[in-house]
Amino acid sequence: MTVSRAGEPVPGLFTLVLHTHLPWLAHHGRWPVGEEWLYQSWSAAYLPLVSLLRRLSEEGRSHLLTLGMTPVVAAQLDDPYCLDGMHHWLANWQLRGQEAAVQRSGSGTGYAAPEALRAFGIREYEEAGRALETFTGTWRHGGSPPLRQLIDAQTIELLGGPLAHPFQPLLHPRLREFALREGLADAGQRFAHVPGGIWAPECAYAPGLENDYAAAGVTHFMVDGPSLHGDTALGRPVADSGVVAFGRDLKVSYRVWSPKSGYPGHAAYRDFHTYDHLTGLKPARVTGRAVPSQDKAPYEPERADHAVDLHVADFVDTVRRRLVSESDRLGRPAHVVAAFDTELFGHWWHEGPVWLERVLRALPEAGIRVGTLSDAITDGFVGSAVELPPSSWGSGKDWQVWSGERVADLVQLNNEVVDTALATVDKALGQHVSVGAPIPRDTVADQILREALLTVSSDWPFMVSKDTAAEYARYRAHVHAHATREIAGALAAGRRQQAEQLAGNWNRADGLFGALDARRLPR
């Protein structure tokens, strides 16, 4: 038990979990959806997050948060093409800031007033310059080195996940097992650390998944609060597997980010949706929820900074009160888990990284112990075993976002493509078994599985159900389905040379997970 500065005991443990995920975007469009999404998130969220964690680590702070890093994001942060594209994007950001700084046109009012745009442009130019310096100094060899340093220093706990982020409950068991085991191995190769915990894609759960996790060496995973019937104050082993499910505390998490409210909507913060159309920069503040873009006020950093301090204090007080009340209810110290998408901090909410760093400093100052999910297991914040219902963290907390009527065609597409991929790979590898020779690496079979995994990414039905770039999502699902079928069709027809050529061509666009080996597909 710890004690706050005011002398009031603060029992229990607080854990912050961040889930870092974007779909594979390299080579698949630029704007308005495509690589731009990656570079915006990288510059606004990933760069400042790693920087603030490095600062805190250098101060001797550890066990700060649990960071989920999906294999598909890790692949892009290490990819030479993406690294080059990111460097160009940061330089272009700096040029756009310079352009805004000398801009003479504008409406003359609000954020579009020439003097407001010039002041904003100067700040953007300087911020982009700092980002370029950080990127070239810390990230020049990819994202794995700086993240590995944080893992080795025990600044963070790493959560892994399956390749390409599939919605596991709807996935063929063979491909589901393959994706999970290969995803954990991918993390081991990049970070020299195989995660014990995972962020299950979309927090999706189906009865029996815990046995798959146990077989893969997974010790704990995340679900949403309603999966545990709202009782998230302790981790819970699932059935008799020994694998612990941790639930997101919605009362605390929704204080920051919710469908209807949360800190990012404060009037002082930078408005995500309002652009200066000449430079593509975002020079306005929220001003008010009902205020149209053309009437937004100019962004004022000092005003936003004051709001950050208010929201840090509010969050720390929320966590303290929740720990006290849950501990009183249980009759023992409780565990509170707040979980968010990493991209919220910086990409969606410009001030998020500053808020995050101040929160991580303020929590221990208020007598609140901060630790990781692994710390919670080690220190006994685990209750009795439970049976979990089919669930997710999507709308309705069920599977409707990924299996509902709006995406029935994608569900059917996924099933057909996976069946084709598995049958073709079995046949291709089986030919070697029949002659008794060692099975050689088959890059054609590898690419078929790679494209099938990209087809079943949970992002595509999510974007369709939520009507966010739905046309792009359907296009991506069908592109990867076509690639799977095209390569498989050539192979099935006995045109091996053509299949190799097709696989090589598709690999130029979709060459992630270079260690993916179809020979490890469960038989």
# chains A, B, ... in the order shown; residues from 1 in each chain; ligands from 1

$ residues_around --residues "range 296-298 of chain A" --least-positions-apart "3" --cutoff "7 Å" --atoms "only C-alpha atoms" --output "PDB file with N, CA and C atoms, in the first residue's frame"
ATOM      1  N   GLY A 110     -10.620  34.548 -37.463  1.00  0.00           N
ATOM      2  CA  GLY A 110     -10.433  33.257 -36.829  1.00  0.00           C
ATOM      3  C   GLY A 110      -9.091  32.637 -37.155  1.00  0.00           C
ATOM      4  N   TYR A 111      -9.078  31.299 -37.225  1.00  0.00           N
ATOM      5  CA  TYR A 111      -7.820  30.593 -37.463  1.00  0.00           C
ATOM      6  C   TYR A 111      -7.234  30.911 -38.825  1.00  0.00           C
ATOM      7  N   ALA A 116      -2.567  34.798 -37.812  1.00  0.00           N
ATOM      8  CA  ALA A 116      -2.697  33.548 -37.051  1.00  0.00           C
ATOM      9  C   ALA A 116      -2.016  32.400 -37.795  1.00  0.00           C
ATOM     10  N   PRO A 283      -4.619  24.428 -38.065  1.00  0.00           N
ATOM     11  CA  PRO A 283      -4.285  25.600 -37.247  1.00  0.00           C
ATOM     12  C   PRO A 283      -5.384  26.067 -36.295  1.00  0.00           C
ATOM     13  N   ALA A 284      -6.465  25.301 -36.158  1.00  0.00           N
ATOM     14  CA  ALA A 284      -7.598  25.756 -35.344  1.00  0.00           C
ATOM     15  C   ALA A 284      -7.676  24.969 -34.046  1.00  0.00           C
ATOM     16  N   ARG A 285      -8.349  25.555 -33.079  1.00  0.00           N
ATOM     17  CA  ARG A 285      -8.684  24.798 -31.880  1.00  0.00           C
ATOM     18  C   ARG A 285     -10.144  24.378 -31.939  1.00  0.00           C
ATOM     19  N   VAL A 286     -10.516  23.427 -31.090  1.00  0.00           N
ATOM     20  CA  VAL A 286     -11.871  22.883 -31.122  1.00  0.00           C
ATOM     21  C   VAL A 286     -12.910  23.987 -31.000  1.00  0.00           C
ATOM     22  N   THR A 287     -12.656  24.947 -30.125  1.00  0.00           N
ATOM     23  CA  THR A 287     -13.516  26.124 -29.944  1.00  0.00           C
ATOM     24  C   THR A 287     -14.859  25.753 -29.319  1.00  0.00           C
ATOM     25  N   VAL A 291     -19.392  24.342 -33.254  1.00  0.00           N
ATOM     26  CA  VAL A 291     -18.853  25.443 -34.055  1.00  0.00           C
ATOM     27  C   VAL A 291     -18.377  24.912 -35.398  1.00  0.00           C
ATOM     28  N   PRO A 292     -18.884  25.447 -36.517  1.00  0.00           N
ATOM     29  CA  PRO A 292     -18.430  24.972 -37.832  1.00  0.00           C
ATOM     30  C   PRO A 292     -16.970  25.335 -38.078  1.00  0.00           C
ATOM     31  N   SER A 293     -16.333  24.610 -38.977  1.00  0.00           N
ATOM     32  CA  SER A 293     -14.901  24.778 -39.204  1.00  0.00           C
ATOM     33  C   SER A 293     -14.517  26.214 -39.530  1.00  0.00           C
TER      34      SER A 293
END

$ residues_around --residues "Glu177 in chain A" --least-positions-apart "2" --cutoff "9 Å" --atoms "only C-alpha atoms" --output "list in words"
Pro162, His172, Pro173, Arg174, Leu175, Ala179, Leu180, Arg181, Glu182, Asp212, Tyr213, Ala216, Leu521 and Pro522 of chain A

$ atom_distance --atom1 "CA of Ala153 in chain A" --atom2 "CA of Pro364 in chain A"
18.9 Å

$ select_by_dssp --residues "range 78-222 of chain A" --states "strand (DSSP E)" --output "mmCIF file with N, CA, C and O atoms, in the first residue's frame"
data_model
loop_
_atom_site.group_PDB
_atom_site.id
_atom_site.type_symbol
_atom_site.label_atom_id
_atom_site.label_comp_id
_atom_site.auth_asym_id
_atom_site.auth_seq_id
_atom_site.Cartn_x
_atom_site.Cartn_y
_atom_site.Cartn_z
ATOM 1 N N ILE A 156 8.980 -0.539 -20.299
ATOM 2 C CA ILE A 156 7.670 -0.988 -20.760
ATOM 3 C C ILE A 156 7.615 -2.508 -20.762
ATOM 4 O O ILE A 156 8.657 -3.181 -20.780
ATOM 5 N N GLU A 157 6.406 -3.028 -20.726
ATOM 6 C CA GLU A 157 6.152 -4.424 -21.045
ATOM 7 C C GLU A 157 5.582 -4.476 -22.460
ATOM 8 O O GLU A 157 4.696 -3.685 -22.801
ATOM 9 N N LEU A 158 6.083 -5.392 -23.267
ATOM 10 C CA LEU A 158 5.612 -5.528 -24.640
ATOM 11 C C LEU A 158 4.498 -6.562 -24.731
ATOM 12 O O LEU A 158 4.607 -7.655 -24.179
ATOM 13 N N LEU A 159 3.412 -6.190 -25.410
ATOM 14 C CA LEU A 159 2.380 -7.151 -25.793
ATOM 15 C C LEU A 159 2.518 -7.434 -27.279
ATOM 16 O O LEU A 159 2.731 -6.520 -28.080
ATOM 17 N N GLY A 160 2.381 -8.696 -27.657
ATOM 18 C CA GLY A 160 2.421 -9.073 -29.061
ATOM 19 C C GLY A 160 1.037 -9.348 -29.601
ATOM 20 O O GLY A 160 0.027 -8.934 -29.031
ATOM 21 N N GLY A 197 2.430 -11.691 -23.017
ATOM 22 C CA GLY A 197 1.051 -11.227 -23.145
ATOM 23 C C GLY A 197 0.758 -10.768 -24.554
ATOM 24 O O GLY A 197 1.660 -10.447 -25.331
ATOM 25 N N ILE A 198 -0.517 -10.742 -24.901
ATOM 26 C CA ILE A 198 -0.933 -10.257 -26.219
ATOM 27 C C ILE A 198 -2.118 -9.304 -26.065
ATOM 28 O O ILE A 198 -2.854 -9.348 -25.073
ATOM 29 N N HIS A 220 -1.181 -14.020 -20.682
ATOM 30 C CA HIS A 220 -2.246 -13.072 -20.376
ATOM 31 C C HIS A 220 -2.637 -12.295 -21.625
ATOM 32 O O HIS A 220 -1.843 -12.173 -22.571
ATOM 33 N N PHE A 221 -3.866 -11.791 -21.627
ATOM 34 C CA PHE A 221 -4.385 -11.063 -22.786
ATOM 35 C C PHE A 221 -5.434 -10.062 -22.312
ATOM 36 O O PHE A 221 -5.920 -10.119 -21.183
ATOM 37 N N MET A 222 -5.802 -9.158 -23.216
ATOM 38 C CA MET A 222 -6.754 -8.099 -22.897
ATOM 39 C C MET A 222 -8.143 -8.418 -23.440
ATOM 40 O O MET A 222 -8.283 -8.953 -24.543
#

$ select_by_dssp --residues "range 354-521 of chain A" --states "helix (DSSP H, G or I)" --output "JSON, numbers by chain"
{"A": [354, 355, 356, 357, 358, 359, 360, 361, 362, 363, 364, 365, 373, 374, 375, 376, 377, 378, 395, 396, 397, 400, 401, 402, 403, 405, 406, 407, 408, 409, 410, 411, 412, 413, 414, 415, 416, 417, 418, 419, 420, 421, 422, 423, 424, 425, 426, 427, 428, 429, 430, 431, 432, 433, 434, 443, 444, 445, 446, 447, 448, 449, 450, 451, 452, 453, 454, 455, 459, 460, 461, 462, 463, 464, 465, 470, 471, 472, 473, 474, 475, 476, 477, 478, 479, 480, 481, 482, 483, 484, 485, 486, 487, 488, 489, 490, 491, 492, 496, 497, 498, 499, 500, 501, 502, 503, 504, 505, 506, 507, 508, 509, 518, 519, 520]}

$ atom_distance --atom1 "CA of Leu356 in chain A" --atom2 "CA of Leu330 in chain A"
28.8 Å

$ closest_atom_pairs --of "range 302-408 of chain A" --to "range 243-246 of chain A" --cutoff "12 Å" --atoms "only C-alpha atoms" --output "CSV"
residue,atom,partner,partner_atom,distance
A:His335,CA,A:Phe246,CA,9.5
A:Val336,CA,A:Phe246,CA,9.5
A:Val337,CA,A:Phe246,CA,7.7
A:Ala338,CA,A:Phe246,CA,10.4
A:Ala339,CA,A:Phe246,CA,10.4
A:Thr372,CA,A:Phe246,CA,11.2
A:Leu373,CA,A:Phe246,CA,7.9
A:Ser374,CA,A:Val244,CA,10.2
A:Ala376,CA,A:Phe246,CA,9.6
A:Ile377,CA,A:Val244,CA,8.3
A:Thr378,CA,A:Val244,CA,11.8
A:Gly380,CA,A:Val244,CA,11.6
A:Phe381,CA,A:Phe246,CA,10.1
A:Val382,CA,A:Val244,CA,7.8
A:Gly383,CA,A:Val244,CA,9.3
A:Ser384,CA,A:Val244,CA,10.0
A:Ala385,CA,A:Val244,CA,8.5
A:Val386,CA,A:Ala245,CA,9.1
A:Glu387,CA,A:Ala245,CA,10.3
A:Leu388,CA,A:Ala245,CA,9.1

$ residues_around --residues "Trp355 in chain A" --least-positions-apart "6" --cutoff "12 Å" --atoms "only C-alpha atoms" --output "PyMOL selection string"
chain A and resi 48-49+52+256+263-264+269+304-316+344-346+349+361-363

$ closest_residue --among "A:Gly404, A:Pro9, A:Pro201, A:Gly129" --to "Asp459 in chain A" --atoms "only C-alpha atoms"
A:Pro201

$ residues_around --residues "range 90-92 of chain A" --least-positions-apart "4" --cutoff "7 Å" --atoms "only C-alpha atoms" --output "list in words"
Met86, Arg96, Ala128 and Leu132 of chain A

$ closest_residue --among "A:Ala423, A:Arg148, A:Asp276, A:Ala44" --to "Arg118 in chain A" --atoms "only C-alpha atoms"
A:Asp276

$ closest_residue --among "A:Pro353, A:Gly235, A:Gly288, A:Pro207" --to "Asp375 in chain A" --atoms "only C-alpha atoms"
A:Gly235

$ residues_around --residues "Arg130 in chain A" --least-positions-apart "6" --cutoff "12 Å" --atoms "only C-alpha atoms" --output "ChimeraX atom specification"
/A:43-44,47-48,51,90-91,93-94,123-124,136-138
